[in-house]
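Coordinates as given in run.txt (compact mmCIF, C-alpha atoms):
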```txt
# COMPACT_ATOMS: atom_id res chain seq x y z
CA MET A 1 -74.32 21.83 24.38
CA HIS A 2 -73.57 24.64 26.81
CA ILE A 3 -73.44 28.06 25.16
CA PRO A 4 -71.66 30.68 27.31
CA MET A 5 -73.20 34.08 27.94
CA LEU A 6 -71.02 37.20 27.91
CA THR A 7 -72.20 39.90 30.32
CA ALA A 8 -72.30 43.68 30.16
CA GLU A 9 -71.17 43.78 33.78
CA ALA A 10 -67.88 42.12 32.84
CA LEU A 11 -67.23 43.84 29.52
CA ILE A 12 -68.85 47.28 29.40
CA ASP A 13 -67.96 50.39 31.38
CA PRO A 14 -71.23 51.55 33.02
CA GLN A 15 -70.23 55.20 32.69
CA ILE A 16 -69.81 54.91 28.92
CA GLN A 17 -72.45 52.16 28.43
CA ALA A 18 -70.51 50.96 25.37
CA ASN A 19 -67.12 49.56 24.48
CA PHE A 20 -65.04 49.19 21.33
CA HIS A 21 -62.52 46.69 20.11
CA ILE A 22 -61.01 45.47 16.85
CA GLU A 23 -61.11 41.83 15.80
CA ALA A 24 -57.98 41.48 13.70
CA SER A 25 -58.76 37.91 12.67
CA ILE A 26 -61.57 35.38 12.85
CA THR A 27 -59.17 33.12 14.72
CA GLN A 28 -59.28 35.54 17.65
CA THR A 29 -63.07 35.66 18.01
CA THR A 30 -65.17 34.01 20.70
CA PRO A 31 -66.74 30.61 19.84
CA LEU A 32 -70.53 30.23 19.79
CA HIS A 33 -71.98 32.49 22.49
CA TYR A 34 -74.68 34.99 23.36
CA HIS A 35 -74.79 37.99 25.68
CA ASP A 36 -77.03 40.20 27.80
CA PHE A 37 -76.18 43.30 25.74
CA TYR A 38 -76.47 44.47 22.15
CA GLU A 39 -73.60 44.27 19.70
CA ILE A 40 -72.97 46.06 16.42
CA PHE A 41 -70.14 44.82 14.27
CA LEU A 42 -68.81 46.24 11.01
CA ILE A 43 -66.56 44.29 8.65
CA THR A 44 -63.74 46.56 7.51
CA SER A 45 -61.90 44.11 5.25
CA GLY A 46 -62.25 40.59 3.86
CA LYS A 47 -65.17 38.17 4.21
CA CYS A 48 -66.44 35.83 6.89
CA VAL A 49 -69.22 33.42 7.73
CA HIS A 50 -71.51 34.66 10.48
CA ARG A 51 -73.18 31.67 12.14
CA VAL A 52 -76.26 32.88 13.95
CA ASN A 53 -79.39 31.22 15.30
CA GLY A 54 -78.61 27.99 13.46
CA GLN A 55 -78.05 29.64 10.07
CA GLU A 56 -75.10 31.02 8.12
CA GLN A 57 -74.61 34.47 6.59
CA VAL A 58 -71.68 35.21 4.27
CA MET A 59 -70.64 38.81 4.84
CA GLY A 60 -68.08 41.06 3.17
CA THR A 61 -66.41 44.42 3.59
CA GLY A 62 -68.80 47.20 4.64
CA THR A 63 -71.41 44.89 6.18
CA LEU A 64 -72.98 46.29 9.34
CA VAL A 65 -74.81 43.84 11.63
CA PHE A 66 -77.10 44.49 14.60
CA VAL A 67 -76.82 41.58 17.06
CA ARG A 68 -79.40 41.28 19.83
CA PRO A 69 -79.02 39.74 23.31
CA GLN A 70 -80.94 36.60 22.34
CA ASP A 71 -78.85 35.82 19.25
CA ARG A 72 -76.53 32.80 19.48
CA HIS A 73 -73.64 33.51 17.15
CA SER A 74 -70.02 32.93 16.15
CA TYR A 75 -67.71 33.66 13.22
CA ASP A 76 -65.81 31.45 10.81
CA ILE A 77 -63.37 31.67 7.89
CA TYR A 78 -64.95 31.95 4.43
CA ASN A 79 -63.17 30.04 1.63
CA ASN A 80 -59.79 30.43 3.35
CA MET A 81 -60.37 34.20 3.47
CA ASP A 82 -59.94 35.95 6.81
CA CYS A 83 -61.52 39.27 7.76
CA GLN A 84 -61.18 42.16 10.17
CA PHE A 85 -64.06 43.93 11.88
CA ILE A 86 -64.81 46.42 14.60
CA ASN A 87 -67.15 45.51 17.40
CA ILE A 88 -69.17 47.88 19.61
CA ASN A 89 -71.17 46.55 22.57
CA PHE A 90 -74.00 48.53 24.18
CA TYR A 91 -76.09 48.35 27.32
CA THR A 92 -79.67 47.42 26.48
CA GLY A 93 -81.07 50.69 27.84
CA PHE A 94 -78.63 52.64 25.67
CA ILE A 95 -80.04 50.97 22.54
CA GLU A 96 -83.67 51.29 23.55
CA SER A 97 -83.38 55.04 24.18
CA ALA A 98 -81.88 55.46 20.70
CA PHE A 99 -84.96 53.89 19.08
CA ASP A 100 -87.00 56.92 20.15
CA PHE A 101 -84.95 59.04 17.75
CA PHE A 102 -86.57 57.39 14.72
CA GLY A 103 -90.21 57.71 15.75
CA ASP A 104 -91.12 54.44 14.03
CA ARG A 105 -92.15 51.66 16.37
CA ASN A 106 -92.35 49.17 13.49
CA PHE A 107 -88.64 49.68 12.90
CA SER A 108 -87.57 48.83 16.45
CA SER A 109 -90.03 45.94 16.54
CA MET A 110 -88.64 44.61 13.27
CA LEU A 111 -85.08 44.72 14.61
CA GLU A 112 -86.12 42.80 17.73
CA THR A 113 -88.29 40.12 16.12
CA MET A 114 -86.45 39.14 12.93
CA GLN A 115 -85.14 35.59 13.00
CA LEU A 116 -81.70 36.78 11.88
CA PRO A 117 -80.00 40.03 12.91
CA ALA A 118 -80.65 43.03 10.67
CA SER A 119 -77.77 44.02 8.42
CA ALA A 120 -76.86 46.54 5.73
CA VAL A 121 -73.94 46.95 3.32
CA LEU A 122 -72.50 50.46 3.68
CA PRO A 123 -70.78 52.59 1.04
CA SER A 124 -67.09 53.05 1.83
CA GLY A 125 -67.62 56.65 2.99
CA GLU A 126 -70.20 55.63 5.59
CA MET A 127 -68.07 52.71 6.70
CA TYR A 128 -64.98 54.87 7.34
CA SER A 129 -67.08 57.49 9.12
CA LEU A 130 -68.36 54.85 11.56
CA VAL A 131 -64.89 53.43 12.02
CA GLY A 132 -63.63 56.92 12.93
CA LYS A 133 -66.35 57.39 15.55
CA ALA A 134 -65.70 53.94 16.97
CA GLU A 135 -62.02 54.76 17.34
CA GLN A 136 -62.97 57.93 19.23
CA ILE A 137 -64.87 55.79 21.76
CA HIS A 138 -61.68 53.82 22.34
CA LEU A 139 -59.52 56.94 22.46
CA PHE A 140 -61.57 58.73 25.13
CA ALA A 141 -62.58 55.65 27.15
CA SER A 142 -59.59 56.00 29.46
CA ILE A 143 -59.27 59.79 29.57
CA ASP A 144 -62.76 61.29 29.24
CA LYS A 145 -65.68 58.93 29.73
CA TYR A 146 -68.25 61.64 28.99
CA LYS A 147 -66.78 62.22 25.53
CA ALA A 148 -66.53 58.48 24.96
CA ARG A 149 -70.22 58.14 25.73
CA ILE A 150 -71.08 60.99 23.34
CA PHE A 151 -69.17 59.29 20.53
CA ALA A 152 -70.89 56.00 21.41
CA LYS A 153 -74.27 57.70 21.01
CA SER A 154 -73.18 59.26 17.73
CA PHE A 155 -71.94 55.91 16.41
CA LEU A 156 -75.15 54.18 17.47
CA VAL A 157 -77.47 56.72 15.85
CA ASP A 158 -75.48 56.62 12.60
CA ALA A 159 -75.45 52.81 12.56
CA LEU A 160 -79.18 52.58 13.26
CA THR A 161 -79.81 55.25 10.62
CA SER A 162 -78.11 53.03 8.03
CA LEU A 163 -80.27 50.09 9.09
CA PHE A 164 -83.35 52.34 9.12
CA ALA A 165 -82.65 53.52 5.56
CA ASN A 166 -82.26 49.92 4.47
CA TYR A 167 -85.53 49.03 6.18
CA LYS A 168 -87.41 51.91 4.57
CA ASN A 169 -85.94 51.42 1.10
CA GLU A 170 -86.21 47.65 0.88
CA ASN A 171 -88.46 46.05 3.47
CA ARG A 172 -91.23 48.62 3.45
CA LYS A 173 -91.51 48.45 -0.34
CA THR A 174 -92.23 44.75 -0.25
CA ILE A 175 -94.47 44.48 2.82
CA PRO A 176 -98.12 44.59 1.73
CA ASP A 177 -100.11 47.58 2.98
CA TRP A 178 -102.50 45.36 4.95
CA LEU A 179 -99.59 43.70 6.80
CA ASP A 180 -97.97 47.06 7.53
CA SER A 181 -101.28 48.21 9.03
CA VAL A 182 -101.55 45.04 11.12
CA LEU A 183 -98.00 45.49 12.46
CA PHE A 184 -98.81 49.07 13.39
CA GLN A 185 -101.89 47.95 15.31
CA LEU A 186 -99.87 45.24 17.07
CA GLN A 187 -97.62 47.86 18.70
CA LYS A 188 -100.56 48.83 20.94
CA LYS A 189 -100.47 47.10 24.32
CA GLU A 190 -104.13 46.11 24.24
CA ASN A 191 -103.51 44.26 20.97
CA PHE A 192 -100.26 42.38 21.52
CA THR A 193 -101.27 41.30 25.03
CA ALA A 194 -104.46 39.82 23.56
CA GLY A 195 -102.33 37.38 21.58
CA LEU A 196 -102.86 35.49 18.35
CA ASP A 197 -106.65 35.68 18.37
CA LYS A 198 -106.45 39.48 18.20
CA LEU A 199 -103.91 39.24 15.37
CA TYR A 200 -106.15 36.95 13.34
CA MET A 201 -109.17 39.17 13.94
CA THR A 202 -107.26 42.37 13.06
CA SER A 203 -105.76 40.94 9.88
CA GLY A 204 -108.82 39.11 8.56
CA ARG A 205 -106.44 36.49 7.12
CA SER A 206 -106.27 32.77 7.72
CA THR A 207 -103.73 31.19 10.08
CA GLY A 208 -101.85 29.58 7.21
CA HIS A 209 -101.70 32.83 5.21
CA LEU A 210 -100.39 34.81 8.19
CA ASN A 211 -97.74 32.19 8.91
CA ARG A 212 -96.52 32.38 5.29
CA VAL A 213 -96.36 36.19 5.07
CA PHE A 214 -94.71 36.59 8.49
CA LYS A 215 -92.03 34.11 7.44
CA GLN A 216 -91.63 35.77 4.02
CA TYR A 217 -91.45 39.42 5.12
CA LEU A 218 -90.35 39.28 8.77
CA GLY A 219 -88.38 36.04 8.95
CA THR A 220 -90.34 34.84 11.98
CA THR A 221 -93.70 33.40 13.04
CA PRO A 222 -96.73 35.29 14.35
CA THR A 223 -96.31 33.57 17.73
CA THR A 224 -92.66 34.59 18.09
CA TYR A 225 -93.39 38.13 16.90
CA ILE A 226 -96.13 38.64 19.48
CA ASN A 227 -94.15 36.96 22.26
CA ASN A 228 -91.24 39.33 21.58
CA LEU A 229 -93.56 42.32 21.88
CA LYS A 230 -94.86 40.95 25.19
CA LEU A 231 -91.34 40.25 26.46
CA ASN A 232 -90.10 43.72 25.51
CA HIS A 233 -93.02 45.23 27.43
CA ALA A 234 -92.33 42.99 30.44
CA LYS A 235 -88.63 43.85 30.46
CA ASN A 236 -89.40 47.58 30.43
CA LEU A 237 -91.70 47.14 33.42
CA LEU A 238 -89.08 45.08 35.24
CA VAL A 239 -86.35 47.71 34.92
CA THR A 240 -88.53 50.79 35.44
CA THR A 241 -91.04 49.72 38.13
CA ASN A 242 -91.29 47.69 41.33
CA ILE A 243 -94.38 45.78 40.20
CA ASP A 244 -94.45 42.13 41.28
CA ILE A 245 -93.16 39.74 38.60
CA LEU A 246 -96.41 37.77 38.51
CA ASP A 247 -98.37 40.95 37.91
CA ILE A 248 -95.92 41.98 35.17
CA ALA A 249 -96.35 38.63 33.45
CA LEU A 250 -100.14 38.99 33.53
CA GLU A 251 -99.95 42.65 32.48
CA SER A 252 -97.82 41.63 29.49
CA GLY A 253 -100.24 38.96 28.31
CA PHE A 254 -98.70 35.81 29.83
CA GLU A 255 -101.16 33.63 31.73
CA ASN A 256 -98.59 30.97 32.63
CA LEU A 257 -95.77 32.20 34.88
CA SER A 258 -93.39 29.31 34.16
CA HIS A 259 -93.86 29.83 30.40
CA PHE A 260 -93.08 33.53 30.89
CA TYR A 261 -89.88 32.68 32.81
CA HIS A 262 -88.82 30.22 30.11
CA LEU A 263 -89.36 32.64 27.21
CA PHE A 264 -87.78 35.56 29.07
CA LYS A 265 -84.60 33.66 29.89
CA GLU A 266 -84.42 32.26 26.36
CA LYS A 267 -84.63 35.76 24.86
CA TYR A 268 -82.49 37.74 27.30
CA GLY A 269 -80.25 35.05 28.80
CA ILE A 270 -81.26 36.01 32.35
CA SER A 271 -84.27 35.42 34.58
CA PRO A 272 -86.85 38.19 35.18
CA GLY A 273 -85.83 38.42 38.84
CA LYS A 274 -82.11 38.75 38.15
CA ILE A 275 -82.53 41.50 35.57
CA ARG A 276 -83.62 43.79 38.42
CA THR A 277 -80.38 43.21 40.30
CA LYS A 278 -78.09 44.18 37.39
```
Can I see the file as structure tokens?
Amino acid sequence: MHIPMLTAEALIDPQIQANFHIEASITQTTPLHYHDFYEIFLITSGKCVHRVNGQEQVMGTGTLVFVRPQDRHSYDIYNNMDCQFININFYTGFIESAFDFFGDRNFSSMLETMQLPASAVLPSGEMYSLVGKAEQIHLFASIDKYKARIFAKSFLVDALTSLFANYKNENRKTIPDWLDSVLFQLQKKENFTAGLDKLYMTSGRSTGHLNRVFKQYLGTTPTTYINNLKLNHAKNLLVTTNIDILDIALESGFENLSHFYHLFKEKYGISPGKIRTK
């Protein structure tokens, strides 16, 4: 089954690095797709089914969702109930620069490596505040792109702050201290590029135990988690340096170039070479 990819080049103004639109009904949304940009959507009324990465999430009013470039997703009616939501799309670099604001590398890593997109249910006051900022993006997009970009940054920081609070208040309470320490150590390049063997040695836990706790607390496997760290590092090198792709693959911990190409395209929807031409 062919799954279409939506592109930032076609949809997002490069001067604003974000765009805003309202989905008035599930019937108007795009069928199963993915994209080369990030998306944040916020349900403002009703309920819907969010089909993503082969699973279903039932979501209601006030639900904020952080969709990543690698996520395959679509929307559907829930029990004959329609819904309305706002949708903000962002350039990848715009999102990544915002992560620095929080000073918590585990948080950004968690957002990138979870099997399903991170989400949070907002109080009505927070929801309407975000809706107001999103509408300002739309208002200024055609008359003052600088202001539109400022409101896009403000919306993004507020949205990520809500997800960050949810992460701190819920996820961090349940993650065992030893796992939190292991995840912190894995953010270091010398550790994630060393792969699974380094993870097993750092944790002191068995393979089976690590697989269970990663699935329980992070919604993914140790292999996928480490590969995502490697791929994020490789992508940063691709867009910020002129280093040869083979050297970047090796530098990021991939010994097999074809495997690197396969994983990179699967995650970002574009080959390593083409990402430099965007």
- Write out as an MDAnalysis selection string which residues come within 12 Å of Pro31 (chain A) when counting only C-alpha atoms, dropping same-chain ones fewer than 5 positions away. chainID A and resid 2:6 26 50:52 72:76
- Item | Non-local contacts of Thr29 (chain A) (12 Å; all atoms listed in the file; under 4 positions in same chain excluded) as a PyMOL selection string | chain A and resi 21-25+33+48+50+73-77+82-87
Would you put the residues from that selection into a file with C-alpha atoms, as a CSV table (one decimal), keeping the file's coordinate frame?
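part.csv, freshly written:
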```
chain,number,residue,atom,x,y,z
A,21,HIS,CA,-62.5,46.7,20.1
A,22,ILE,CA,-61.0,45.5,16.8
A,23,GLU,CA,-61.1,41.8,15.8
A,24,ALA,CA,-58.0,41.5,13.7
A,25,SER,CA,-58.8,37.9,12.7
A,33,HIS,CA,-72.0,32.5,22.5
A,48,CYS,CA,-66.4,35.8,6.9
A,50,HIS,CA,-71.5,34.7,10.5
A,73,HIS,CA,-73.6,33.5,17.2
A,74,SER,CA,-70.0,32.9,16.2
A,75,TYR,CA,-67.7,33.7,13.2
A,76,ASP,CA,-65.8,31.4,10.8
A,77,ILE,CA,-63.4,31.7,7.9
A,82,ASP,CA,-59.9,36.0,6.8
A,83,CYS,CA,-61.5,39.3,7.8
A,84,GLN,CA,-61.2,42.2,10.2
A,85,PHE,CA,-64.1,43.9,11.9
A,86,ILE,CA,-64.8,46.4,14.6
A,87,ASN,CA,-67.2,45.5,17.4
```
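Between Ser45 (chain A) and the candidates A:Phe140, A:Phe155, A:Tyr128, A:Tyr261, the tightest atom-to-atom separation, counting all atoms listed in the file, involves A:Tyr128.
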- Message: So that I can check the surroundings of region 8-14 of chain A, please list as a VMD selection string every protein, DNA and RNA residue that reaches within 8 Å of it, counting all atoms listed in the file and ignoring chain neighbours fewer than 5 positions away.
- Response: chain A and resid 19 35 to 37 89 to 91 278
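Interatomic distance, CA of Asn211 (chain A) against CA of Ile248 (chain A): 28.1 Å.
Around Phe151 (chain A), within 7 Å and counting all atoms listed in the file, the residues found are Lys133, Gln136 and Ile137 of chain A, once anything fewer than 6 positions away on its own chain is removed.
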- Message: For region 59-67 of chain A, find every residue with an atom within 6 Å (counting all atoms listed in the file), except residues of its own chain fewer than 6 positions away, and show them as a list in words.
- Response: Tyr38, Glu39, Ile40, Phe41, Leu42, Ile43, Thr44, Ser45, Gly46, Lys47, Cys48, Pro117, Ala118, Ser119, Ala120, Val121, Leu122 and Met127 of chain A
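Picture a line from CA of Phe184 (chain A) to CA of Gly204 (chain A); it runs 14.9 Å.
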- Query: Using only C-alpha atoms, which residue out of A:Ser154, A:Gln17, A:Gln57, A:Thr30 lies closest to Ala134 (chain A)?
  - Reply: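 Between A:Ser154, A:Gln17, A:Gln57, A:Thr30, the residue approaching Ala134 (chain A) most closely is A:Ser154.
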- Task: Find, counting all atoms listed in the file, the residue in A:Phe20, A:Lys189, A:Thr202, A:Lys265 that gets nearest to Gly132 (chain A).
- Result: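 Ranked by minimum distance to Gly132 (chain A), first place goes to A:Phe20.
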- Task: Quote the spacing between CA of Leu179 (chain A) and CA of Ile95 (chain A) in Å to one decimal place.
- Result: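 Between CA of Leu179 (chain A) and CA of Ile95 (chain A) the gap works out to 26.1 Å.
With only C-alpha atoms as the basis for measurement, A:Thr27 is the residue among A:Gly54, A:Leu186, A:Thr27, A:Glu126 that approaches Tyr78 (chain A) most closely.
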